[in-house]
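Remarks on the structure that follows.
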Amino acid sequence: MNKTRFLNVRIGDIAAIALLFILSLGVILFSYLYGKNIGTKAIVTIEGKKSLVLSLDEPSRVSVKGHIGDTIIEVDERGVFVVSSPCTYKYCIKLGHVQREGQTIVCAPNHISIRIVGGNDDGLDGVTG
């Protein structure tokens, strides 16, 4: 038996693999873009405690005191985002706007998180009967 048989790949094999890859990317992109609803509120948590609820329907700008300083959070027509923060690497700022349910911005050094929720968030993922 020839052990190099697995290297014998035909053009049809490559085309089938490429097609499956493109379809997989399409499904991932579709579910990312359309899988979650647009949120209605942003819950700001500081030091693990819910401290502020922002409506995503009206523009606002707030400053919250975190572990290492003040973080400025803004809401506009594209969602909620962090304007400034005293953290070193600024990942929370680089993340940009979030607006879909379940999306989260975290500033770990400042112990602040912002979570997008829908209209009736009661803290439960689901209820069984």
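Ligands are numbered from 1 in the order shown, residues from 1 within each chain, and chains are lettered A, B, ... in the order they appear in the structure tokens.
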Determine, counting only C-alpha atoms, which protein, DNA and RNA residues have an atom within 12 Å of an atom of region 71-88 of chain A; residues of the same chain fewer than 3 positions away are not included. Present the result as a PDB file with C-alpha atoms, in the first residue's frame.
ATOM      1  CA  ILE A  38     -30.115  45.488  19.652  1.00  0.00           C
ATOM      2  CA  GLY A  39     -30.054  46.167  23.376  1.00  0.00           C
ATOM      3  CA  THR A  40     -32.064  48.818  25.165  1.00  0.00           C
ATOM      4  CA  LYS A  41     -29.952  49.350  28.295  1.00  0.00           C
ATOM      5  CA  ALA A  42     -26.330  49.313  29.392  1.00  0.00           C
ATOM      6  CA  ILE A  43     -25.652  48.106  32.932  1.00  0.00           C
ATOM      7  CA  VAL A  44     -22.492  49.577  34.459  1.00  0.00           C
ATOM      8  CA  THR A  45     -20.920  47.452  37.177  1.00  0.00           C
ATOM      9  CA  ILE A  46     -18.210  48.795  39.467  1.00  0.00           C
ATOM     10  CA  LEU A  52     -25.752  52.506  36.971  1.00  0.00           C
ATOM     11  CA  VAL A  53     -28.229  51.735  34.185  1.00  0.00           C
ATOM     12  CA  LEU A  54     -27.967  53.772  30.972  1.00  0.00           C
ATOM     13  CA  SER A  55     -30.679  53.895  28.323  1.00  0.00           C
ATOM     14  CA  LEU A  56     -29.368  53.302  24.807  1.00  0.00           C
ATOM     15  CA  ASP A  57     -32.300  55.314  23.412  1.00  0.00           C
ATOM     16  CA  GLU A  58     -31.009  58.700  24.532  1.00  0.00           C
ATOM     17  CA  PRO A  59     -27.493  60.174  24.246  1.00  0.00           C
ATOM     18  CA  SER A  60     -25.671  60.625  27.529  1.00  0.00           C
ATOM     19  CA  ARG A  61     -22.201  60.970  28.994  1.00  0.00           C
ATOM     20  CA  VAL A  62     -21.287  59.884  32.516  1.00  0.00           C
ATOM     21  CA  SER A  63     -18.158  59.650  34.597  1.00  0.00           C
ATOM     22  CA  VAL A  64     -17.825  56.733  37.005  1.00  0.00           C
ATOM     23  CA  LYS A  65     -15.226  56.330  39.742  1.00  0.00           C
ATOM     24  CA  GLY A  66     -13.380  53.044  39.491  1.00  0.00           C
ATOM     25  CA  HIS A  67     -10.541  51.360  41.364  1.00  0.00           C
ATOM     26  CA  ILE A  68      -7.771  53.471  39.807  1.00  0.00           C
ATOM     27  CA  TYR A  91      -8.468  47.967  25.616  1.00  0.00           C
ATOM     28  CA  CYS A  92     -11.840  49.225  26.849  1.00  0.00           C
ATOM     29  CA  ILE A  93     -11.507  52.277  24.597  1.00  0.00           C
ATOM     30  CA  LYS A  94     -10.168  50.326  21.607  1.00  0.00           C
ATOM     31  CA  LEU A  95     -13.194  48.005  21.704  1.00  0.00           C
ATOM     32  CA  GLY A  96     -15.376  50.841  20.415  1.00  0.00           C
ATOM     33  CA  HIS A  97     -19.169  50.871  20.314  1.00  0.00           C
ATOM     34  CA  VAL A  98     -21.295  47.971  21.567  1.00  0.00           C
ATOM     35  CA  GLN A  99     -25.062  47.773  21.134  1.00  0.00           C
ATOM     36  CA  ARG A 100     -26.155  44.127  20.866  1.00  0.00           C
ATOM     37  CA  GLU A 101     -27.521  42.122  23.790  1.00  0.00           C
ATOM     38  CA  GLN A 103     -21.906  42.396  24.398  1.00  0.00           C
ATOM     39  CA  THR A 104     -19.647  43.644  27.180  1.00  0.00           C
ATOM     40  CA  ILE A 105     -16.912  46.208  27.660  1.00  0.00           C
ATOM     41  CA  VAL A 106     -14.533  45.480  30.533  1.00  0.00           C
ATOM     42  CA  CYS A 107     -11.875  47.699  32.076  1.00  0.00           C
ATOM     43  CA  ALA A 108     -10.231  45.135  34.344  1.00  0.00           C
ATOM     44  CA  PRO A 109      -7.658  47.449  35.997  1.00  0.00           C
ATOM     45  CA  ASN A 110     -10.395  49.904  36.942  1.00  0.00           C
ATOM     46  CA  HIS A 111     -12.882  47.134  37.943  1.00  0.00           C
ATOM     47  CA  ILE A 112     -15.602  48.471  35.622  1.00  0.00           C
ATOM     48  CA  SER A 113     -17.783  46.519  33.191  1.00  0.00           C
ATOM     49  CA  ILE A 114     -20.575  47.603  30.862  1.00  0.00           C
ATOM     50  CA  ARG A 115     -23.069  44.942  29.720  1.00  0.00           C
ATOM     51  CA  ILE A 116     -25.757  45.416  27.079  1.00  0.00           C
ATOM     52  CA  VAL A 117     -29.167  43.945  27.931  1.00  0.00           C
TER      53      VAL A 117
END
Please return, as a compact mmCIF listing (two decimals) with N, CA and C atoms, in the first residue's frame, all residues of region 38-82 of chain A that DSSP assigns to strand (DSSP E or B) on the basis of the backbone.
# COMPACT_ATOMS: atom_id res chain seq x y z
N ILE A 38 -30.67 44.23 19.16
CA ILE A 38 -30.11 45.49 19.65
C ILE A 38 -30.61 45.68 21.08
N LYS A 41 -30.59 48.78 27.11
CA LYS A 41 -29.95 49.35 28.29
C LYS A 41 -28.51 48.88 28.40
N ALA A 42 -27.70 49.69 29.06
CA ALA A 42 -26.33 49.31 29.39
C ALA A 42 -26.21 49.32 30.91
N ILE A 43 -25.81 48.20 31.48
CA ILE A 43 -25.65 48.11 32.93
C ILE A 43 -24.18 48.28 33.27
N VAL A 44 -23.87 49.29 34.05
CA VAL A 44 -22.49 49.58 34.46
C VAL A 44 -22.27 48.96 35.83
N THR A 45 -21.26 48.12 35.92
CA THR A 45 -20.92 47.45 37.18
C THR A 45 -19.55 47.93 37.63
N ILE A 46 -19.48 48.34 38.89
CA ILE A 46 -18.21 48.79 39.47
C ILE A 46 -17.91 47.94 40.69
N LYS A 49 -20.54 45.35 41.64
CA LYS A 49 -21.88 45.76 42.05
C LYS A 49 -22.52 46.62 40.97
N LYS A 50 -23.79 46.31 40.64
CA LYS A 50 -24.52 47.12 39.65
C LYS A 50 -24.67 48.52 40.21
N SER A 51 -24.16 49.51 39.46
CA SER A 51 -24.20 50.86 40.01
C SER A 51 -24.96 51.85 39.14
N LEU A 52 -25.14 51.53 37.86
CA LEU A 52 -25.75 52.51 36.97
C LEU A 52 -26.40 51.78 35.80
N VAL A 53 -27.56 52.27 35.37
CA VAL A 53 -28.23 51.73 34.18
C VAL A 53 -28.42 52.89 33.21
N LEU A 54 -27.86 52.73 31.99
CA LEU A 54 -27.97 53.77 30.97
C LEU A 54 -28.93 53.32 29.88
N SER A 55 -29.78 54.19 29.44
CA SER A 55 -30.68 53.89 28.32
C SER A 55 -29.91 54.11 27.02
N SER A 60 -26.09 60.19 26.20
CA SER A 60 -25.67 60.63 27.53
C SER A 60 -24.17 60.44 27.68
N ARG A 61 -23.63 61.08 28.69
CA ARG A 61 -22.20 60.97 28.99
C ARG A 61 -22.07 61.00 30.51
N VAL A 62 -21.43 59.96 31.07
CA VAL A 62 -21.29 59.88 32.52
C VAL A 62 -19.84 59.58 32.87
N SER A 63 -19.47 59.97 34.06
CA SER A 63 -18.16 59.65 34.60
C SER A 63 -18.37 58.78 35.83
N VAL A 64 -17.70 57.62 35.86
CA VAL A 64 -17.82 56.73 37.00
C VAL A 64 -16.46 56.55 37.65
N LYS A 65 -16.46 56.48 38.97
CA LYS A 65 -15.23 56.33 39.74
C LYS A 65 -14.92 54.85 39.91
N ASP A 70 -11.24 57.74 37.27
CA ASP A 70 -12.52 57.98 36.61
C ASP A 70 -12.51 57.46 35.17
N THR A 71 -13.60 56.77 34.82
CA THR A 71 -13.82 56.30 33.45
C THR A 71 -15.02 57.05 32.90
N ILE A 72 -14.89 57.59 31.70
CA ILE A 72 -15.97 58.33 31.07
C ILE A 72 -16.63 57.43 30.04
N ILE A 73 -17.96 57.26 30.17
CA ILE A 73 -18.75 56.40 29.30
C ILE A 73 -19.75 57.27 28.57
N GLU A 74 -19.91 56.99 27.28
CA GLU A 74 -20.84 57.79 26.47
C GLU A 74 -21.79 56.88 25.69
N VAL A 75 -23.01 57.35 25.53
CA VAL A 75 -24.02 56.67 24.72
C VAL A 75 -24.37 57.60 23.57
N ASP A 76 -24.34 57.07 22.33
CA ASP A 76 -24.79 57.82 21.17
C ASP A 76 -25.62 56.90 20.27
N GLY A 79 -24.38 53.23 19.93
CA GLY A 79 -24.29 52.37 21.10
C GLY A 79 -23.54 53.04 22.23
N VAL A 80 -22.99 52.22 23.10
CA VAL A 80 -22.25 52.74 24.26
C VAL A 80 -20.76 52.46 24.04
N PHE A 81 -19.91 53.36 24.53
CA PHE A 81 -18.47 53.19 24.40
C PHE A 81 -17.76 53.94 25.51
N VAL A 82 -16.50 53.59 25.73
CA VAL A 82 -15.68 54.25 26.74
C VAL A 82 -14.87 55.34 26.06
Separating CA of Ile22 (chain A) from CA of Tyr34 (chain A), to the nearest tenth of an Å, is a gap of 17.9 Å
Per DSSP on the backbone, filter chain A down to the residues in alpha helix (DSSP H) and report them as number ranges by chain.
-> A: 11-34, 91-94
Keeping only C-alpha atoms, write those residues as a PDB file, in the first residue's frame.
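Printed below is selection_33.pdb as written:
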ATOM      1  CA  ILE A  11      -8.793  20.188  -7.993  1.00  0.00           C
ATOM      2  CA  GLY A  12     -12.323  19.090  -7.058  1.00  0.00           C
ATOM      3  CA  ASP A  13     -11.164  18.304  -3.520  1.00  0.00           C
ATOM      4  CA  ILE A  14      -9.644  21.763  -3.145  1.00  0.00           C
ATOM      5  CA  ALA A  15     -12.788  23.390  -4.546  1.00  0.00           C
ATOM      6  CA  ALA A  16     -15.004  21.448  -2.115  1.00  0.00           C
ATOM      7  CA  ILE A  17     -12.828  22.409   0.852  1.00  0.00           C
ATOM      8  CA  ALA A  18     -12.795  26.064  -0.242  1.00  0.00           C
ATOM      9  CA  LEU A  19     -16.581  26.066  -0.641  1.00  0.00           C
ATOM     10  CA  LEU A  20     -17.090  24.597   2.840  1.00  0.00           C
ATOM     11  CA  PHE A  21     -14.690  27.157   4.294  1.00  0.00           C
ATOM     12  CA  ILE A  22     -16.523  30.070   2.631  1.00  0.00           C
ATOM     13  CA  LEU A  23     -19.920  28.756   3.770  1.00  0.00           C
ATOM     14  CA  SER A  24     -18.627  28.382   7.327  1.00  0.00           C
ATOM     15  CA  LEU A  25     -17.372  31.953   7.350  1.00  0.00           C
ATOM     16  CA  GLY A  26     -20.734  33.123   6.010  1.00  0.00           C
ATOM     17  CA  VAL A  27     -22.625  31.359   8.803  1.00  0.00           C
ATOM     18  CA  ILE A  28     -20.288  32.788  11.454  1.00  0.00           C
ATOM     19  CA  LEU A  29     -20.578  36.306  10.034  1.00  0.00           C
ATOM     20  CA  PHE A  30     -24.366  36.083   9.730  1.00  0.00           C
ATOM     21  CA  SER A  31     -24.779  34.843  13.303  1.00  0.00           C
ATOM     22  CA  TYR A  32     -22.446  37.557  14.597  1.00  0.00           C
ATOM     23  CA  LEU A  33     -24.253  40.356  12.787  1.00  0.00           C
ATOM     24  CA  TYR A  34     -27.856  39.175  13.153  1.00  0.00           C
ATOM     25  CA  TYR A  91      -8.468  47.967  25.616  1.00  0.00           C
ATOM     26  CA  CYS A  92     -11.840  49.225  26.849  1.00  0.00           C
ATOM     27  CA  ILE A  93     -11.507  52.277  24.597  1.00  0.00           C
ATOM     28  CA  LYS A  94     -10.168  50.326  21.607  1.00  0.00           C
TER      29      LYS A  94
END
